[in-house]
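Colleague: Got a structure here, written out as structure tokens. Questions coming.
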Amino acid sequence: MKFLIKLKAEQTTTELLDFNKIQNCLSVPEYSIALEIIETEKKRVEAEEELIRAKEKAEEGDCLKSAFLSNMSHEIRTPMNGILGFAEILKTPDLTGEQQQEYISTMEICGVRMLNIIDDIVDISKIESGQMNVSVSETNVNKLLDDIYTFFKPEAEQKGLQIYYKNALPANKAIIKTDRNKLFAILTNLVKNAIKFTKTGSIEIGYHLVATLHATSLLEFYVRDTGIGIQPEQKEIIFERFRQVSESITREYEGAGLGLAISKTYVEMLGGKIWVESEEGKGSVFYFTIPYNTSKEDQTAI
Ligand code: ADP
């Protein structure tokens, strides 16, 4: 035993686990006690490492939340300052009707931006507290894509971007059972980002029907852009809540960093997966799947 304790004090854990070495030095009963102590020591070291990992994770979480709060404060203050600032300017006497209209429009844009942030915060809080439910109804995906396209066309064209969409199924096969609002929110987030992070080129929205090994089918949606792209090491973390690519990019493009986290949760609630393929400087394609839930006759007729 004495020998073992001396051995422990002088050697590292890895060396302690060198059973053959210890066996050569000890008699049989001492050897089994030694093994027991080594086992306990191993568990203690593992528990210690586990604690360190948990502490680091908690610290990282705190850090992310602080960064999120400071970013959120910036995101809320900017449109609020816009609204208050332009309200003040509107008090100026002798403004022309045209000037008044221009300032009111800016106030409206600021108001919409703030409402979007508040909606995102409410959604993420509902998700965190488990209060977000799936509400399934018959959804025409062709109609939904058309609505998204019509909604974003003016914004894309104003930026000089081309926008188009492709439907893969005929109208009678394009009706599925899913949560329409969540599908709409996912596509809205992706298209909004595609427009935001693209300076020139085009945005394409579409979907394909994909067969799986389990006699079920999936709809694979995509939103393709020719924008700034995403670095390989950022492809996973952009889907985590409170995470954005570098601070400088965020400041240039504005955003609370919640859209993709909300989209990922929604996709998973609908039974699918979301991922991105991207080349820095060339563009990105965001993909997500949802089950092709429709009546059996419709599926076999395809
Ligand atoms: P936000 O856009 O509000 O910052 P998101 O969660 O929607 O938050 O996106 C997180 C980050 O992912 C963005 O800040 C951006 O760095 C990156 N990103 C998302 N979509 C794209 C895209 N289409 N092209 C390039 N980067 C993107």
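Ordering of the structure tokens sets the chain letters (A, B, ...), residue numbers begin anew at 1 in every chain, and ligands are numbered from 1 in the order given.
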Pick out the residues no farther than 6 Å from ligand 1, counting only C-alpha atoms and all ligand atoms, and list them as a list in words.

Modeller: Asn193, Ala194, Phe197, Gly227, Ile228, Gly229, Ile230, Ile238, Gln244, Val245, Thr250, Gly255, Ala256, Gly257, Leu258, Gly259, Leu260, Ala261 and Ser284 of chain A

Colleague: Could those residues be written to a file, using C-alpha atoms, as a JSON list (two decimals), in the first residue's frame?

Modeller:
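Dumped everything to out.json:
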```json
[["chain", "number", "residue", "atom", "x", "y", "z"],
["A", 193, "ASN", "CA", -31.50, 36.35, -44.84],
["A", 194, "ALA", "CA", -30.82, 35.54, -48.50],
["A", 197, "PHE", "CA", -26.68, 38.87, -47.22],
["A", 227, "GLY", "CA", -24.37, 36.44, -51.45],
["A", 228, "ILE", "CA", -21.43, 36.68, -49.06],
["A", 229, "GLY", "CA", -21.46, 32.97, -48.16],
["A", 230, "ILE", "CA", -20.55, 31.31, -44.87],
["A", 238, "ILE", "CA", -25.30, 29.82, -37.04],
["A", 244, "GLN", "CA", -24.10, 34.97, -35.23],
["A", 245, "VAL", "CA", -21.10, 35.09, -37.50],
["A", 250, "THR", "CA", -23.52, 41.43, -37.77],
["A", 255, "GLY", "CA", -30.20, 41.22, -36.96],
["A", 256, "ALA", "CA", -30.82, 39.64, -33.60],
["A", 257, "GLY", "CA", -29.32, 36.24, -34.45],
["A", 258, "LEU", "CA", -32.51, 34.33, -33.65],
["A", 259, "GLY", "CA", -33.99, 33.59, -37.08],
["A", 260, "LEU", "CA", -32.03, 30.41, -37.84],
["A", 261, "ALA", "CA", -32.36, 29.05, -34.30],
["A", 284, "SER", "CA", -25.24, 29.83, -49.89]]
```

Colleague: Could you pull the residues within 12 Å of Ile124 (chain A), counting only C-alpha atoms, minus those fewer than 5 positions along the same chain, as number ranges by chain?

Modeller: A: 117-119, 129-132, 240-242, 256-266

Colleague: Quick one: write out the picked residues with C-alpha atoms as a CSV table (one decimal), in the first residue's frame?

Modeller:
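Result file out_8.csv:
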```csv
chain,number,residue,atom,x,y,z
A,117,ILE,CA,-37.5,41.6,-33.2
A,118,ILE,CA,-40.2,41.4,-30.6
A,119,ASP,CA,-41.9,38.5,-32.5
A,129,SER,CA,-40.6,27.3,-22.1
A,130,GLY,CA,-42.1,24.4,-24.2
A,131,GLN,CA,-45.2,26.4,-25.1
A,132,MET,CA,-44.7,26.2,-28.9
A,240,GLU,CA,-27.6,27.9,-32.4
A,241,ARG,CA,-29.6,30.5,-30.5
A,242,PHE,CA,-27.7,33.7,-29.6
A,256,ALA,CA,-30.8,39.6,-33.6
A,257,GLY,CA,-29.3,36.2,-34.4
A,258,LEU,CA,-32.5,34.3,-33.6
A,259,GLY,CA,-34.0,33.6,-37.1
A,260,LEU,CA,-32.0,30.4,-37.8
A,261,ALA,CA,-32.4,29.0,-34.3
A,262,ILE,CA,-36.1,29.5,-34.5
A,263,SER,CA,-36.2,28.0,-38.0
A,264,LYS,CA,-34.1,24.9,-36.9
A,265,THR,CA,-36.5,24.3,-34.0
A,266,TYR,CA,-39.6,24.6,-36.3
```

Colleague: Output as a PyMOL selection string all residues of region 65-280 of chain A that backbone DSSP marks as strand (DSSP E or B).

Modeller: chain A and resi 137-140+162-166+175-178+202-211+217-225+274-279

Colleague: Keeping only N, CA and C atoms, write the selected residues to a file as an mmCIF file, in the first residue's frame.

Modeller:
```cif
data_model
loop_
_atom_site.group_PDB
_atom_site.id
_atom_site.type_symbol
_atom_site.label_atom_id
_atom_site.label_comp_id
_atom_site.auth_asym_id
_atom_site.auth_seq_id
_atom_site.Cartn_x
_atom_site.Cartn_y
_atom_site.Cartn_z
ATOM 1 N N SER A 137 -52.488 21.487 -40.571
ATOM 2 C CA SER A 137 -53.652 21.712 -41.443
ATOM 3 C C SER A 137 -53.210 21.427 -42.880
ATOM 4 N N GLU A 138 -54.176 21.348 -43.792
ATOM 5 C CA GLU A 138 -53.819 21.106 -45.195
ATOM 6 C C GLU A 138 -53.147 22.359 -45.755
ATOM 7 N N THR A 139 -51.992 22.171 -46.348
ATOM 8 C CA THR A 139 -51.209 23.314 -46.817
ATOM 9 C C THR A 139 -50.806 23.093 -48.267
ATOM 10 N N ASN A 140 -51.097 24.077 -49.088
ATOM 11 C CA ASN A 140 -50.695 23.994 -50.489
ATOM 12 C C ASN A 140 -49.306 24.627 -50.623
ATOM 13 N N GLN A 162 -32.459 39.608 -58.569
ATOM 14 C CA GLN A 162 -33.506 38.830 -59.249
ATOM 15 C C GLN A 162 -34.054 37.838 -58.232
ATOM 16 N N ILE A 163 -35.339 37.575 -58.281
ATOM 17 C CA ILE A 163 -35.893 36.561 -57.379
ATOM 18 C C ILE A 163 -36.847 35.684 -58.179
ATOM 19 N N TYR A 164 -36.727 34.371 -58.031
ATOM 20 C CA TYR A 164 -37.674 33.475 -58.698
ATOM 21 C C TYR A 164 -37.886 32.207 -57.885
ATOM 22 N N TYR A 165 -38.957 31.479 -58.217
ATOM 23 C CA TYR A 165 -39.234 30.239 -57.484
ATOM 24 C C TYR A 165 -39.646 29.133 -58.429
ATOM 25 N N LYS A 166 -39.410 27.874 -57.995
ATOM 26 C CA LYS A 166 -39.730 26.718 -58.833
ATOM 27 C C LYS A 166 -40.556 25.723 -58.040
ATOM 28 N N ILE A 175 -50.543 19.505 -52.024
ATOM 29 C CA ILE A 175 -51.214 19.777 -50.742
ATOM 30 C C ILE A 175 -50.744 18.757 -49.703
ATOM 31 N N ILE A 176 -50.140 19.257 -48.636
ATOM 32 C CA ILE A 176 -49.630 18.350 -47.599
ATOM 33 C C ILE A 176 -50.218 18.732 -46.245
ATOM 34 N N LYS A 177 -50.059 17.804 -45.307
ATOM 35 C CA LYS A 177 -50.525 18.102 -43.942
ATOM 36 C C LYS A 177 -49.316 18.526 -43.120
ATOM 37 N N THR A 178 -49.299 19.786 -42.756
ATOM 38 C CA THR A 178 -48.188 20.309 -41.946
ATOM 39 C C THR A 178 -48.653 21.574 -41.228
ATOM 40 N N SER A 202 -28.868 36.794 -57.527
ATOM 41 C CA SER A 202 -30.249 36.304 -57.491
ATOM 42 C C SER A 202 -30.540 35.455 -56.262
ATOM 43 N N ILE A 203 -31.837 35.294 -56.044
ATOM 44 C CA ILE A 203 -32.349 34.436 -54.971
ATOM 45 C C ILE A 203 -33.297 33.439 -55.642
ATOM 46 N N GLU A 204 -33.105 32.163 -55.351
ATOM 47 C CA GLU A 204 -34.021 31.158 -55.911
ATOM 48 C C GLU A 204 -34.645 30.356 -54.775
ATOM 49 N N ILE A 205 -35.956 30.169 -54.864
ATOM 50 C CA ILE A 205 -36.675 29.412 -53.835
ATOM 51 C C ILE A 205 -37.305 28.207 -54.530
ATOM 52 N N GLY A 206 -37.273 27.048 -53.909
ATOM 53 C CA GLY A 206 -37.907 25.900 -54.552
ATOM 54 C C GLY A 206 -37.963 24.692 -53.649
ATOM 55 N N TYR A 207 -38.431 23.580 -54.196
ATOM 56 C CA TYR A 207 -38.454 22.321 -53.436
ATOM 57 C C TYR A 207 -38.438 21.143 -54.403
ATOM 58 N N HIS A 208 -38.025 19.972 -53.885
ATOM 59 C CA HIS A 208 -38.061 18.721 -54.656
ATOM 60 C C HIS A 208 -38.731 17.676 -53.793
ATOM 61 N N LEU A 209 -39.294 16.683 -54.464
ATOM 62 C CA LEU A 209 -39.814 15.524 -53.744
ATOM 63 C C LEU A 209 -38.687 14.499 -53.691
ATOM 64 N N VAL A 210 -38.360 14.022 -52.480
ATOM 65 C CA VAL A 210 -37.243 13.089 -52.326
ATOM 66 C C VAL A 210 -37.759 11.785 -51.713
ATOM 67 N N ALA A 211 -37.426 10.666 -52.342
ATOM 68 C CA ALA A 211 -37.837 9.369 -51.791
ATOM 69 C C ALA A 211 -36.843 8.950 -50.724
ATOM 70 N N SER A 217 -41.849 9.704 -48.250
ATOM 71 C CA SER A 217 -41.180 10.723 -49.065
ATOM 72 C C SER A 217 -41.015 12.001 -48.259
ATOM 73 N N LEU A 218 -40.075 12.800 -48.714
ATOM 74 C CA LEU A 218 -39.823 14.082 -48.054
ATOM 75 C C LEU A 218 -39.932 15.195 -49.079
ATOM 76 N N LEU A 219 -40.300 16.358 -48.610
ATOM 77 C CA LEU A 219 -40.154 17.537 -49.467
ATOM 78 C C LEU A 219 -38.871 18.220 -49.018
ATOM 79 N N GLU A 220 -37.966 18.455 -49.966
ATOM 80 C CA GLU A 220 -36.708 19.141 -49.634
ATOM 81 C C GLU A 220 -36.769 20.549 -50.220
ATOM 82 N N PHE A 221 -36.913 21.522 -49.335
ATOM 83 C CA PHE A 221 -36.974 22.925 -49.768
ATOM 84 C C PHE A 221 -35.563 23.488 -49.842
ATOM 85 N N TYR A 222 -35.366 24.487 -50.683
ATOM 86 C CA TYR A 222 -34.071 25.177 -50.714
ATOM 87 C C TYR A 222 -34.269 26.666 -50.969
ATOM 88 N N VAL A 223 -33.350 27.451 -50.424
ATOM 89 C CA VAL A 223 -33.287 28.895 -50.721
ATOM 90 C C VAL A 223 -31.843 29.169 -51.103
ATOM 91 N N ARG A 224 -31.634 29.507 -52.364
ATOM 92 C CA ARG A 224 -30.269 29.689 -52.894
ATOM 93 C C ARG A 224 -29.994 31.181 -53.102
ATOM 94 N N ASP A 225 -28.804 31.626 -52.677
ATOM 95 C CA ASP A 225 -28.459 33.031 -52.957
ATOM 96 C C ASP A 225 -27.044 33.134 -53.495
ATOM 97 N N ILE A 274 -32.448 20.635 -41.099
ATOM 98 C CA ILE A 274 -32.041 21.848 -41.836
ATOM 99 C C ILE A 274 -30.518 21.894 -41.898
ATOM 100 N N TRP A 275 -29.970 22.337 -43.013
ATOM 101 C CA TRP A 275 -28.514 22.451 -43.143
ATOM 102 C C TRP A 275 -28.192 23.489 -44.215
ATOM 103 N N VAL A 276 -26.897 23.823 -44.305
ATOM 104 C CA VAL A 276 -26.509 24.812 -45.304
ATOM 105 C C VAL A 276 -25.283 24.323 -46.071
ATOM 106 N N GLU A 277 -25.259 24.619 -47.365
ATOM 107 C CA GLU A 277 -24.062 24.401 -48.174
ATOM 108 C C GLU A 277 -23.668 25.776 -48.681
ATOM 109 N N SER A 278 -22.392 26.093 -48.561
ATOM 110 C CA SER A 278 -22.027 27.466 -48.896
ATOM 111 C C SER A 278 -20.556 27.574 -49.278
ATOM 112 N N GLU A 279 -20.275 28.559 -50.110
ATOM 113 C CA GLU A 279 -18.896 28.861 -50.444
ATOM 114 C C GLU A 279 -18.710 30.347 -50.197
#
```

Colleague: I'd like the interatomic distance between CA of Gly82 (chain A) and CA of Met107 (chain A), to a tenth of an Å.

Modeller: 6.5 Å
